[in-house]
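Quick look at my_file-v3.cif (mmCIF, C-alpha atoms):
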data_work
#
loop_
_atom_site.label_atom_id
_atom_site.label_comp_id
_atom_site.auth_asym_id
_atom_site.auth_seq_id
_atom_site.Cartn_x
_atom_site.Cartn_y
_atom_site.Cartn_z
CA MET W 1 -24.32 -6.40 154.70
CA PRO W 2 -22.81 -9.93 154.52
CA PRO W 3 -21.81 -11.54 157.84
CA MET W 4 -18.79 -9.91 159.45
CA LYS W 5 -15.49 -11.76 159.05
CA ILE W 6 -13.14 -11.50 162.03
CA VAL W 7 -9.37 -11.35 161.57
CA LEU W 8 -7.26 -11.73 164.73
CA VAL W 9 -3.75 -10.23 164.85
CA HIS W 10 -1.29 -11.12 167.63
CA GLY W 11 1.39 -8.90 169.13
CA GLY W 12 5.07 -9.20 169.97
CA PHE W 13 6.73 -12.09 171.84
CA VAL W 14 3.78 -14.43 171.04
CA ASP W 15 2.13 -16.04 168.02
CA GLY W 16 -1.39 -16.59 166.76
CA SER W 17 -1.98 -19.70 168.88
CA GLY W 18 -2.70 -17.47 171.88
CA TRP W 19 -6.03 -16.63 170.24
CA ALA W 20 -7.16 -20.30 170.39
CA ALA W 21 -9.79 -19.93 173.14
CA VAL W 22 -11.19 -16.68 171.68
CA TYR W 23 -11.24 -18.29 168.23
CA LYS W 24 -13.22 -21.29 169.49
CA ILE W 25 -15.86 -19.07 171.12
CA LEU W 26 -16.26 -16.90 168.02
CA LYS W 27 -16.52 -19.96 165.76
CA LYS W 28 -19.07 -21.58 168.08
CA ASP W 29 -21.11 -18.38 167.87
CA GLY W 30 -21.16 -18.60 164.07
CA TYR W 31 -18.41 -16.21 163.00
CA ASP W 32 -15.86 -16.84 160.26
CA VAL W 33 -12.47 -16.22 161.85
CA ALA W 34 -8.94 -15.98 160.47
CA VAL W 35 -5.81 -15.82 162.62
CA VAL W 36 -2.78 -13.95 161.25
CA GLN W 37 0.71 -15.30 161.95
CA ASN W 38 2.90 -12.20 161.99
CA PRO W 39 6.63 -12.80 161.53
CA THR W 40 7.16 -9.69 163.75
CA LEU W 41 10.30 -8.85 161.76
CA SER W 42 9.12 -5.45 160.56
CA LEU W 43 5.88 -3.50 160.64
CA ALA W 44 5.76 -3.42 156.82
CA ASP W 45 6.03 -7.24 156.64
CA ASP W 46 3.35 -7.74 159.28
CA VAL W 47 1.01 -5.29 157.56
CA ALA W 48 1.53 -7.16 154.27
CA VAL W 49 0.74 -10.51 155.92
CA THR W 50 -2.37 -9.03 157.54
CA ARG W 51 -3.56 -7.50 154.28
CA ARG W 52 -3.24 -10.89 152.59
CA ALA W 53 -5.48 -12.33 155.32
CA ILE W 54 -7.98 -9.50 154.78
CA ALA W 55 -7.95 -10.11 151.01
CA GLY W 56 -8.82 -13.75 151.63
CA GLN W 57 -12.11 -12.89 153.35
CA SER W 58 -15.35 -12.95 151.36
CA GLY W 59 -17.06 -10.09 153.20
CA PRO W 60 -16.44 -7.05 155.40
CA VAL W 61 -13.74 -7.53 158.02
CA LEU W 62 -13.55 -6.65 161.70
CA LEU W 63 -9.81 -6.37 162.36
CA VAL W 64 -8.69 -7.22 165.90
CA GLY W 65 -5.21 -6.49 167.27
CA HIS W 66 -3.55 -7.28 170.60
CA SER W 67 -0.57 -5.26 171.87
CA TYR W 68 1.82 -4.60 168.93
CA GLY W 69 -0.93 -6.10 166.76
CA GLY W 70 -2.71 -2.80 167.40
CA ALA W 71 -0.02 -1.00 165.41
CA VAL W 72 -0.41 -3.58 162.64
CA VAL W 73 -4.20 -3.15 162.42
CA THR W 74 -3.86 0.64 162.62
CA GLU W 75 -1.79 0.56 159.42
CA ALA W 76 -3.50 -2.38 157.66
CA GLY W 77 -7.01 -1.25 158.61
CA THR W 78 -7.18 1.38 155.89
CA ASP W 79 -7.94 -1.51 153.50
CA ALA W 80 -11.35 -0.98 151.91
CA LYS W 81 -12.64 -4.35 153.18
CA VAL W 82 -12.06 -3.40 156.82
CA ALA W 83 -15.27 -2.13 158.43
CA GLY W 84 -13.91 -1.56 161.93
CA LEU W 85 -11.06 -2.12 164.37
CA VAL W 86 -10.87 -3.73 167.80
CA TYR W 87 -7.93 -3.07 170.11
CA ILE W 88 -7.26 -5.56 172.91
CA ALA W 89 -4.77 -3.98 175.40
CA ALA W 90 -3.08 -2.67 172.27
CA PHE W 91 -1.04 0.15 170.84
CA ALA W 92 -3.08 2.57 168.72
CA PRO W 93 -0.42 4.83 167.21
CA ASP W 94 -1.08 8.06 165.34
CA LYS W 95 0.54 9.11 162.06
CA GLY W 96 4.33 9.07 162.36
CA GLU W 97 4.27 7.19 165.67
CA SER W 98 5.71 3.74 166.34
CA VAL W 99 5.64 1.34 169.27
CA SER W 100 9.17 2.55 170.04
CA SER W 101 8.07 6.18 170.25
CA LEU W 102 5.04 5.29 172.37
CA ILE W 103 7.09 3.41 174.99
CA LYS W 104 10.10 5.75 174.99
CA ASP W 105 9.11 7.84 178.02
CA PRO W 106 7.11 5.71 180.48
CA PRO W 107 5.27 7.66 183.18
CA ALA W 108 6.82 7.74 186.64
CA GLY W 109 5.94 4.66 188.64
CA ALA W 110 4.72 2.69 185.62
CA PRO W 111 5.76 -0.97 185.52
CA VAL W 112 8.73 -1.51 183.21
CA PRO W 113 8.43 -4.50 180.84
CA PRO W 114 11.37 -6.91 181.36
CA ILE W 115 12.68 -6.51 177.79
CA LEU W 116 16.31 -7.62 177.46
CA PRO W 117 18.88 -5.67 175.40
CA PRO W 118 18.61 -6.41 171.66
CA GLN W 119 20.41 -9.44 170.26
CA ASP W 120 21.10 -9.41 166.50
CA GLY W 121 18.24 -6.95 165.98
CA PHE W 122 15.70 -8.86 168.09
CA LEU W 123 14.17 -8.33 171.51
CA PHE W 124 13.41 -11.01 174.09
CA LEU W 125 11.66 -10.91 177.45
CA ASP W 126 13.33 -12.08 180.64
CA GLN W 127 11.70 -15.51 180.95
CA ALA W 128 11.88 -15.44 184.75
CA LYS W 129 9.71 -12.31 184.76
CA PHE W 130 7.37 -13.26 181.89
CA HIS W 131 4.56 -14.61 184.10
CA PHE W 132 4.50 -11.55 186.38
CA SER W 133 4.77 -8.94 183.62
CA PHE W 134 2.97 -10.40 180.61
CA ALA W 135 0.56 -13.00 181.93
CA ALA W 136 0.02 -12.57 185.66
CA ASP W 137 -3.55 -13.97 185.61
CA VAL W 138 -2.71 -16.95 183.36
CA ASP W 139 -2.18 -20.28 185.11
CA GLU W 140 1.44 -21.07 185.92
CA GLU W 141 1.80 -23.98 183.48
CA THR W 142 0.42 -22.02 180.51
CA ALA W 143 2.47 -18.93 181.39
CA ALA W 144 5.62 -21.06 181.64
CA PHE W 145 4.94 -22.46 178.17
CA MET W 146 4.33 -18.95 176.80
CA ALA W 147 7.64 -17.83 178.30
CA SER W 148 9.58 -20.82 176.98
CA SER W 149 8.10 -20.47 173.49
CA HIS W 150 8.08 -16.68 173.26
CA VAL W 151 8.95 -15.26 169.85
CA PRO W 152 11.86 -12.87 169.16
CA TRP W 153 10.46 -9.43 168.33
CA GLY W 154 12.28 -7.51 165.62
CA VAL W 155 13.57 -4.07 166.53
CA ASP W 156 12.43 -2.97 163.05
CA ALA W 157 8.86 -3.95 163.96
CA LEU W 158 8.91 -1.69 167.00
CA ALA W 159 10.40 1.16 165.01
CA GLY W 160 7.92 0.93 162.10
CA THR W 161 5.91 4.15 161.82
CA ILE W 162 2.26 4.58 160.89
CA THR W 163 1.51 6.34 157.59
CA GLU W 164 -2.27 6.76 157.89
CA PRO W 165 -4.00 5.52 161.07
CA ALA W 166 -7.14 3.59 160.20
CA TRP W 167 -8.88 4.69 163.40
CA LYS W 168 -9.18 8.19 161.98
CA THR W 169 -11.64 6.96 159.34
CA LYS W 170 -12.98 3.66 160.75
CA PRO W 171 -14.98 3.00 163.93
CA SER W 172 -13.00 1.36 166.70
CA TRP W 173 -13.49 -0.46 170.00
CA TYR W 174 -10.87 -0.73 172.73
CA LEU W 175 -10.67 -3.22 175.60
CA ILE W 176 -8.46 -1.89 178.40
CA ALA W 177 -6.75 -4.46 180.63
CA THR W 178 -6.67 -2.73 184.01
CA GLU W 179 -3.93 -4.97 185.49
CA ASP W 180 -1.60 -4.69 182.47
CA ARG W 181 2.12 -4.53 183.34
CA MET W 182 3.33 -4.22 179.73
CA ILE W 183 1.25 -1.27 178.42
CA PRO W 184 0.22 0.88 181.41
CA PRO W 185 -3.58 1.20 181.66
CA PRO W 186 -3.36 5.04 181.67
CA ALA W 187 -1.58 4.83 178.29
CA GLN W 188 -4.34 2.53 177.02
CA ARG W 189 -6.96 5.04 178.16
CA THR W 190 -5.12 7.90 176.44
CA MET W 191 -4.79 6.02 173.14
CA SER W 192 -8.39 4.79 173.16
CA LYS W 193 -9.70 8.28 173.89
CA ARG W 194 -7.59 9.78 171.11
CA ALA W 195 -8.90 7.15 168.68
CA GLY W 196 -12.50 7.88 169.70
CA SER W 197 -12.97 4.20 170.53
CA THR W 198 -15.90 2.58 172.30
CA VAL W 199 -14.19 1.44 175.51
CA THR W 200 -14.66 -1.39 177.98
CA GLU W 201 -12.36 -2.09 180.93
CA VAL W 202 -11.63 -5.62 182.11
CA ALA W 203 -9.60 -6.65 185.16
CA GLY W 204 -6.89 -8.62 183.38
CA SER W 205 -3.20 -8.84 182.57
CA HIS W 206 -1.59 -8.00 179.24
CA ALA W 207 -2.49 -11.55 178.21
CA VAL W 208 -6.20 -10.90 178.85
CA TYR W 209 -7.06 -12.61 175.56
CA VAL W 210 -5.63 -15.83 177.04
CA SER W 211 -6.85 -15.42 180.64
CA LYS W 212 -10.33 -13.98 179.92
CA PRO W 213 -11.29 -15.36 176.48
CA GLN W 214 -15.04 -15.12 177.21
CA SER W 215 -14.79 -11.39 178.01
CA VAL W 216 -12.59 -10.72 174.98
CA ALA W 217 -14.78 -12.74 172.59
CA ALA W 218 -17.92 -11.02 173.93
CA PHE W 219 -16.31 -7.63 173.33
CA ILE W 220 -15.36 -8.56 169.76
CA GLU W 221 -18.90 -9.83 169.11
CA LYS W 222 -20.32 -6.60 170.54
CA ALA W 223 -18.26 -4.64 168.00
CA ALA W 224 -19.35 -6.94 165.17
CA LYS W 225 -23.02 -6.56 166.09
CA GLU W 226 -22.76 -2.78 166.41
CA LEU W 227 -21.08 -2.57 162.99
CA ALA W 228 -23.78 -4.75 161.45
CA ALA W 229 -26.49 -2.58 162.99
CA LYS W 230 -24.89 0.60 161.59
CA SER W 231 -24.89 -0.85 158.08
CA ARG W 232 -28.59 -1.64 158.02
#
Using structure tokens, write down the structure that the file contains.
Amino acid sequence: MPPMKIVLVHGGFVDGSGWAAVYKILKKDGYDVAVVQNPTLSLADDVAVTRRAIAGQSGPVLLVGHSYGGAVVTEAGTDAKVAGLVYIAAFAPDKGESVSSLIKDPPAGAPVPPILPPQDGFLFLDQAKFHFSFAADVDEETAAFMASSHVPWGVDALAGTITEPAWKTKPSWYLIATEDRMIPPPAQRTMSKRAGSTVTEVAGSHAVYVSKPQSVAAFIEKAAKELAAKSR
């Protein structure tokens, strides 16, 4: 099997630059890495952008999604070049599910993400609450920049439903962020169990890929190595 190519897919309210520290570690360790820039306008658009990134890789792909990026990789991961999926504190919807349907009925006592009412079909986070809810373990200066530069998230992206979930036919790995205040950890455990994922738990916020890049990169590399070993 040729060396595994790694494609990183970001979630809502952020862009691909949040993967910078993870990217640098993976590159230093010898992996070819591509970072998808999702418009986050609709699930169909983001899947199309991700599939173009997959098509550009010269070998088998390990597809990595954070948060809403998990929905994107669940749909895009059925591509024949995708060997496996990695979820980082991410949604892993089943057929017919969307991010909207998964967050519709939060469990009692679960933290409520500070999402403001839609404006012109887009969602924003309350910037004053961004650090606490999205990136509690990220340093204050970086979290303030993330809040000030956060990307409008299209309502159509949240409502996009999965046609065929890739995790039903591809091996998957799931990193649970145990201090997540955007996707409750119990929901992450439920989705990862349903997907039959290999699971690791890390004490981190929703932005664990920013705050704990070494842990996240090591988890991705573990998945890549296990996939390579299976193909021998």
Checklist entry - If the PyMOL selection byres ((chain W and resi 72) around 8) is run on the structure shown, which residues does it catch, given as a list in words? => result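 With the PyMOL selection byres ((chain W and resi 72) around 8) on this model, the match is Val9, Leu43, Asp46, Val47, Thr50, Gly65, Tyr68, Gly69, Gly70, Ala71, Val73, Thr74, Glu75 and Ala76 of chain W.
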Checklist entry - Looking at W:Ala147, W:Leu102, W:Ala217, W:Ala187, which one is nearest to Tyr23 of chain W, with distances taken over only C-alpha atoms? => result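 Of W:Ala147, W:Leu102, W:Ala217, W:Ala187, the one nearest Tyr23 of chain W, counting only C-alpha atoms, is W:Ala217.
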Checklist entry - Closest to Asp79 of chain W among W:Pro165, W:Pro114, W:Pro152, W:Gly109, using all atoms listed in the file? => result W:Pro165
Checklist entry - If the PyMOL selection byres ((chain W and resi 184) around 10) is run on the structure shown, which residues does it catch, given as a list in words? => result Ala89, Ile103, Pro106, Pro107, Gly109, Ala110, Pro111, Val112, Pro113, Ile176, Ala177, Thr178, Glu179, Asp180, Arg181, Met182, Ile183, Pro185, Pro186, Ala187, Gln188, Arg189 and His206 of chain W
Item to check | Among the residues W:Gly96, W:Gly77, W:Pro117, W:Gly16, the one that comes closest to Met146 of chain W [using all atoms listed in the file] | outcome: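 Closest to Met146 of chain W, using all atoms listed in the file: W:Gly16.
Distance-wise, atom CA of Val202 of chain W and atom CA of Thr142 of chain W end up 20.4 Å apart.
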